[in-house]
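Below is the file work_4.pdb, which contains PDB, C-alpha atoms and all ligand atoms.
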ATOM      1  CA  MET A   1     -50.530 -12.535  -0.816  1.00  0.00           C
ATOM      2  CA  THR A   2     -50.858  -8.962  -1.895  1.00  0.00           C
ATOM      3  CA  GLU A   3     -47.636  -7.030  -1.752  1.00  0.00           C
ATOM      4  CA  ARG A   4     -47.869  -3.638  -0.103  1.00  0.00           C
ATOM      5  CA  LEU A   5     -45.593  -0.887  -1.294  1.00  0.00           C
ATOM      6  CA  ARG A   6     -44.493   2.343   0.277  1.00  0.00           C
ATOM      7  CA  VAL A   7     -42.640   5.192  -1.385  1.00  0.00           C
ATOM      8  CA  HIS A   8     -40.082   7.384   0.330  1.00  0.00           C
ATOM      9  CA  VAL A   9     -38.255  10.461  -0.936  1.00  0.00           C
ATOM     10  CA  ASP A  10     -34.785  11.134   0.447  1.00  0.00           C
ATOM     11  CA  PRO A  11     -34.841  14.903   1.085  1.00  0.00           C
ATOM     12  CA  GLU A  12     -31.042  15.006   0.945  1.00  0.00           C
ATOM     13  CA  LYS A  13     -31.051  13.726  -2.635  1.00  0.00           C
ATOM     14  CA  CYS A  14     -34.181  15.331  -4.110  1.00  0.00           C
ATOM     15  CA  GLN A  15     -33.347  18.303  -6.338  1.00  0.00           C
ATOM     16  CA  GLY A  16     -36.881  19.135  -7.388  1.00  0.00           C
ATOM     17  CA  HIS A  17     -36.966  17.598 -10.854  1.00  0.00           C
ATOM     18  CA  ALA A  18     -40.664  16.836 -10.235  1.00  0.00           C
ATOM     19  CA  ARG A  19     -40.796  13.869 -12.578  1.00  0.00           C
ATOM     20  CA  CYS A  20     -42.250  11.866  -9.704  1.00  0.00           C
ATOM     21  CA  LYS A  21     -45.144  14.287  -9.383  1.00  0.00           C
ATOM     22  CA  ALA A  22     -45.721  14.257 -13.155  1.00  0.00           C
ATOM     23  CA  LEU A  23     -45.709  10.465 -13.347  1.00  0.00           C
ATOM     24  CA  ALA A  24     -47.474   9.617 -10.086  1.00  0.00           C
ATOM     25  CA  PRO A  25     -49.339  12.685  -8.798  1.00  0.00           C
ATOM     26  CA  GLU A  26     -51.269  10.509  -6.334  1.00  0.00           C
ATOM     27  CA  LEU A  27     -48.087   9.426  -4.567  1.00  0.00           C
ATOM     28  CA  PHE A  28     -46.056  12.619  -4.244  1.00  0.00           C
ATOM     29  CA  GLU A  29     -46.493  16.194  -3.032  1.00  0.00           C
ATOM     30  CA  LEU A  30     -44.223  19.107  -3.886  1.00  0.00           C
ATOM     31  CA  ASP A  31     -43.336  21.633  -1.202  1.00  0.00           C
ATOM     32  CA  GLU A  32     -42.922  25.395  -1.705  1.00  0.00           C
ATOM     33  CA  PHE A  33     -39.368  24.836  -2.932  1.00  0.00           C
ATOM     34  CA  GLY A  34     -40.482  22.256  -5.499  1.00  0.00           C
ATOM     35  CA  ASN A  35     -39.010  19.337  -3.607  1.00  0.00           C
ATOM     36  CA  ALA A  36     -41.005  16.148  -3.368  1.00  0.00           C
ATOM     37  CA  HIS A  37     -42.329  14.292  -0.369  1.00  0.00           C
ATOM     38  CA  GLU A  38     -44.354  11.140  -0.315  1.00  0.00           C
ATOM     39  CA  ALA A  39     -48.079  11.756   0.031  1.00  0.00           C
ATOM     40  CA  GLY A  40     -49.360  10.826   3.467  1.00  0.00           C
ATOM     41  CA  ASP A  41     -47.291   8.029   4.982  1.00  0.00           C
ATOM     42  CA  GLY A  42     -46.170   6.911   1.542  1.00  0.00           C
ATOM     43  CA  THR A  43     -48.433   3.887   1.329  1.00  0.00           C
ATOM     44  CA  VAL A  44     -49.156   3.052  -2.308  1.00  0.00           C
ATOM     45  CA  PRO A  45     -52.878   2.467  -2.861  1.00  0.00           C
ATOM     46  CA  PRO A  46     -53.797  -0.735  -4.724  1.00  0.00           C
ATOM     47  CA  GLY A  47     -53.446  -0.301  -8.483  1.00  0.00           C
ATOM     48  CA  LEU A  48     -50.755   2.384  -8.288  1.00  0.00           C
ATOM     49  CA  GLU A  49     -47.798   0.021  -7.831  1.00  0.00           C
ATOM     50  CA  ASP A  50     -46.606   0.507 -11.421  1.00  0.00           C
ATOM     51  CA  LYS A  51     -46.582   4.275 -10.942  1.00  0.00           C
ATOM     52  CA  ALA A  52     -44.459   3.894  -7.814  1.00  0.00           C
ATOM     53  CA  TRP A  53     -41.824   1.890  -9.711  1.00  0.00           C
ATOM     54  CA  LEU A  54     -42.023   4.267 -12.681  1.00  0.00           C
ATOM     55  CA  ALA A  55     -41.403   7.287 -10.462  1.00  0.00           C
ATOM     56  CA  LYS A  56     -38.434   5.582  -8.831  1.00  0.00           C
ATOM     57  CA  ALA A  57     -36.960   4.664 -12.212  1.00  0.00           C
ATOM     58  CA  ASN A  58     -37.355   8.206 -13.553  1.00  0.00           C
ATOM     59  CA  CYS A  59     -35.914  10.255 -10.697  1.00  0.00           C
ATOM     60  CA  PRO A  60     -32.561  11.587 -11.992  1.00  0.00           C
ATOM     61  CA  GLU A  61     -31.241  11.917  -8.425  1.00  0.00           C
ATOM     62  CA  ILE A  62     -32.184   8.368  -7.403  1.00  0.00           C
ATOM     63  CA  ALA A  63     -33.987   9.973  -4.459  1.00  0.00           C
ATOM     64  CA  ILE A  64     -36.999   7.657  -4.431  1.00  0.00           C
ATOM     65  CA  ASP A  65     -37.145   4.382  -2.594  1.00  0.00           C
ATOM     66  CA  VAL A  66     -39.921   1.865  -3.069  1.00  0.00           C
ATOM     67  CA  ILE A  67     -40.186  -0.328  -0.008  1.00  0.00           C
ATOM     68  CA  GLU A  68     -41.896  -3.705  -0.244  1.00  0.00           C
ATOM     69  CA  GLU A  69     -43.699  -4.541   2.976  1.00  0.00           C
TER
HETATM   70 FE1  LIG B   1     -37.167  15.019  -6.375  1.00  0.00          FE
HETATM   71 FE2  LIG B   1     -36.683  13.056  -7.994  1.00  0.00          FE
HETATM   72 FE3  LIG B   1     -39.100  13.847  -7.676  1.00  0.00          FE
HETATM   73  S1  LIG B   1     -35.405  14.848  -7.703  1.00  0.00           S
HETATM   74  S2  LIG B   1     -38.957  16.021  -7.218  1.00  0.00           S
HETATM   75  S3  LIG B   1     -37.834  12.946  -6.119  1.00  0.00           S
HETATM   76  S4  LIG B   1     -38.184  13.241  -9.591  1.00  0.00           S
END
Could you express the structure from this file as structure tokens?
Amino acid sequence: MTERLRVHVDPEKCQGHARCKALAPELFELDEFGNAHEAGDGTVPPGLEDKAWLAKANCPEIAIDVIEE
């Protein structure tokens, strides 16, 4: 079975380091303050799973969750 992933940014924790956007531009959007939000509903398109985990691992604020559905 194919595992579906979803990313979520905790707005309380995000401090705008933007590493997520640099590492996985398809999965994150930055707002006018430079804080990240998941793109769309956060669903990770097939083939981008590694980028989702990489972004989570590289956020200094531990603001990114990767949810396995
Ligand atoms: Fe925010 Fe972490 Fe990205 S602090 S901008 S979610 S790297």
- Query: Quick one: residues within 6 Å of ligand LIG 1 (chain B), with all atoms listed in the file, as a PyMOL selection string?
  - Reply: chain A and resi 9+14-20+35-36+59-61+63-64
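Take the candidates A:Asp41, A:Glu49, A:Glu12, A:Glu69 and check each one against A:Glu29 using only C-alpha atoms; the shortest distance goes to A:Asp41.
Here the PyMOL selection byres (((chain A and resi 51) around 12) and not hetatm) catches exactly these residues: Leu5, Arg6, Val7, Arg19, Cys20, Lys21, Ala22, Leu23, Ala24, Pro25, Glu26, Leu27, Phe28, Val44, Pro45, Pro46, Gly47, Leu48, Glu49, Asp50, Ala52, Trp53, Leu54, Ala55, Lys56, Ala57, Asn58 and Val66 of chain A.
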- Message: One number please: atom CA of A:Glu32 to atom CA of A:Ile67, in Å, one decimal.
- Response: 25.9 Å
Adding 8 Å on each side of the box along x, y and z that holds all listed atoms of stretch 43-54 of chain A, could you give its centre and edge lengths in Å to one decimal, as JSON?
{"center_x": -47.8, "center_y": 1.8, "center_z": -5.7, "size_x": 28.0, "size_y": 21.0, "size_z": 30.0}
Please return stretch 2-31 of chain A, rebuilt to N, CA and C atoms, as a tab-separated table (two decimals), in the coordinates of the input.
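New file part.tsv:
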chain	number	residue	atom	x	y	z
A	2	THR	N	-51.04	-10.25	-1.23
A	2	THR	CA	-50.86	-8.96	-1.90
A	2	THR	C	-49.67	-8.22	-1.30
A	3	GLU	N	-48.82	-7.77	-2.18
A	3	GLU	CA	-47.64	-7.03	-1.75
A	3	GLU	C	-48.03	-5.57	-1.52
A	4	ARG	N	-47.60	-5.05	-0.39
A	4	ARG	CA	-47.87	-3.64	-0.10
A	4	ARG	C	-46.59	-2.84	-0.34
A	5	LEU	N	-46.75	-1.72	-1.00
A	5	LEU	CA	-45.59	-0.89	-1.29
A	5	LEU	C	-45.72	0.45	-0.58
A	6	ARG	N	-44.56	1.01	-0.29
A	6	ARG	CA	-44.49	2.34	0.28
A	6	ARG	C	-43.40	3.11	-0.45
A	7	VAL	N	-43.67	4.37	-0.76
A	7	VAL	CA	-42.64	5.19	-1.38
A	7	VAL	C	-42.04	6.13	-0.35
A	8	HIS	N	-40.77	6.43	-0.56
A	8	HIS	CA	-40.08	7.38	0.33
A	8	HIS	C	-39.14	8.24	-0.51
A	9	VAL	N	-39.18	9.55	-0.26
A	9	VAL	CA	-38.26	10.46	-0.94
A	9	VAL	C	-37.16	10.85	0.05
A	10	ASP	N	-35.92	10.70	-0.37
A	10	ASP	CA	-34.78	11.13	0.45
A	10	ASP	C	-34.60	12.63	0.24
A	11	PRO	N	-34.92	13.44	1.26
A	11	PRO	CA	-34.84	14.90	1.08
A	11	PRO	C	-33.43	15.40	0.83
A	12	GLU	N	-32.44	14.62	1.20
A	12	GLU	CA	-31.04	15.01	0.94
A	12	GLU	C	-30.69	14.89	-0.54
A	13	LYS	N	-31.37	13.98	-1.23
A	13	LYS	CA	-31.05	13.73	-2.64
A	13	LYS	C	-31.97	14.48	-3.60
A	14	CYS	N	-33.21	14.70	-3.21
A	14	CYS	CA	-34.18	15.33	-4.11
A	14	CYS	C	-33.72	16.72	-4.51
A	15	GLN	N	-33.73	16.98	-5.82
A	15	GLN	CA	-33.35	18.30	-6.34
A	15	GLN	C	-34.51	18.99	-7.04
A	16	GLY	N	-35.70	18.46	-6.87
A	16	GLY	CA	-36.88	19.14	-7.39
A	16	GLY	C	-37.14	18.94	-8.87
A	17	HIS	N	-36.71	17.84	-9.43
A	17	HIS	CA	-36.97	17.60	-10.85
A	17	HIS	C	-38.45	17.37	-11.16
A	18	ALA	N	-39.20	16.95	-10.16
A	18	ALA	CA	-40.66	16.84	-10.24
A	18	ALA	C	-41.17	15.79	-11.22
A	19	ARG	N	-40.29	14.93	-11.69
A	19	ARG	CA	-40.80	13.87	-12.58
A	19	ARG	C	-41.71	12.92	-11.81
A	20	CYS	N	-41.41	12.74	-10.53
A	20	CYS	CA	-42.25	11.87	-9.70
A	20	CYS	C	-43.68	12.39	-9.67
A	21	LYS	N	-43.81	13.69	-9.47
A	21	LYS	CA	-45.14	14.29	-9.38
A	21	LYS	C	-45.87	14.20	-10.73
A	22	ALA	N	-45.11	14.34	-11.83
A	22	ALA	CA	-45.72	14.26	-13.16
A	22	ALA	C	-46.19	12.83	-13.45
A	23	LEU	N	-45.41	11.86	-13.01
A	23	LEU	CA	-45.71	10.46	-13.35
A	23	LEU	C	-46.69	9.82	-12.36
A	24	ALA	N	-46.64	10.25	-11.12
A	24	ALA	CA	-47.47	9.62	-10.09
A	24	ALA	C	-47.99	10.69	-9.13
A	25	PRO	N	-48.87	11.55	-9.62
A	25	PRO	CA	-49.34	12.68	-8.80
A	25	PRO	C	-50.05	12.23	-7.52
A	26	GLU	N	-50.57	11.00	-7.53
A	26	GLU	CA	-51.27	10.51	-6.33
A	26	GLU	C	-50.30	10.17	-5.21
A	27	LEU	N	-49.03	9.97	-5.55
A	27	LEU	CA	-48.09	9.43	-4.57
A	27	LEU	C	-47.11	10.46	-4.02
A	28	PHE	N	-47.06	11.63	-4.65
A	28	PHE	CA	-46.06	12.62	-4.24
A	28	PHE	C	-46.68	14.00	-4.13
A	29	GLU	N	-46.13	14.79	-3.19
A	29	GLU	CA	-46.49	16.19	-3.03
A	29	GLU	C	-45.22	17.01	-3.22
A	30	LEU	N	-45.37	18.20	-3.78
A	30	LEU	CA	-44.22	19.11	-3.89
A	30	LEU	C	-44.37	20.21	-2.85
A	31	ASP	N	-43.26	20.55	-2.18
A	31	ASP	CA	-43.34	21.63	-1.20
A	31	ASP	C	-43.10	22.98	-1.90
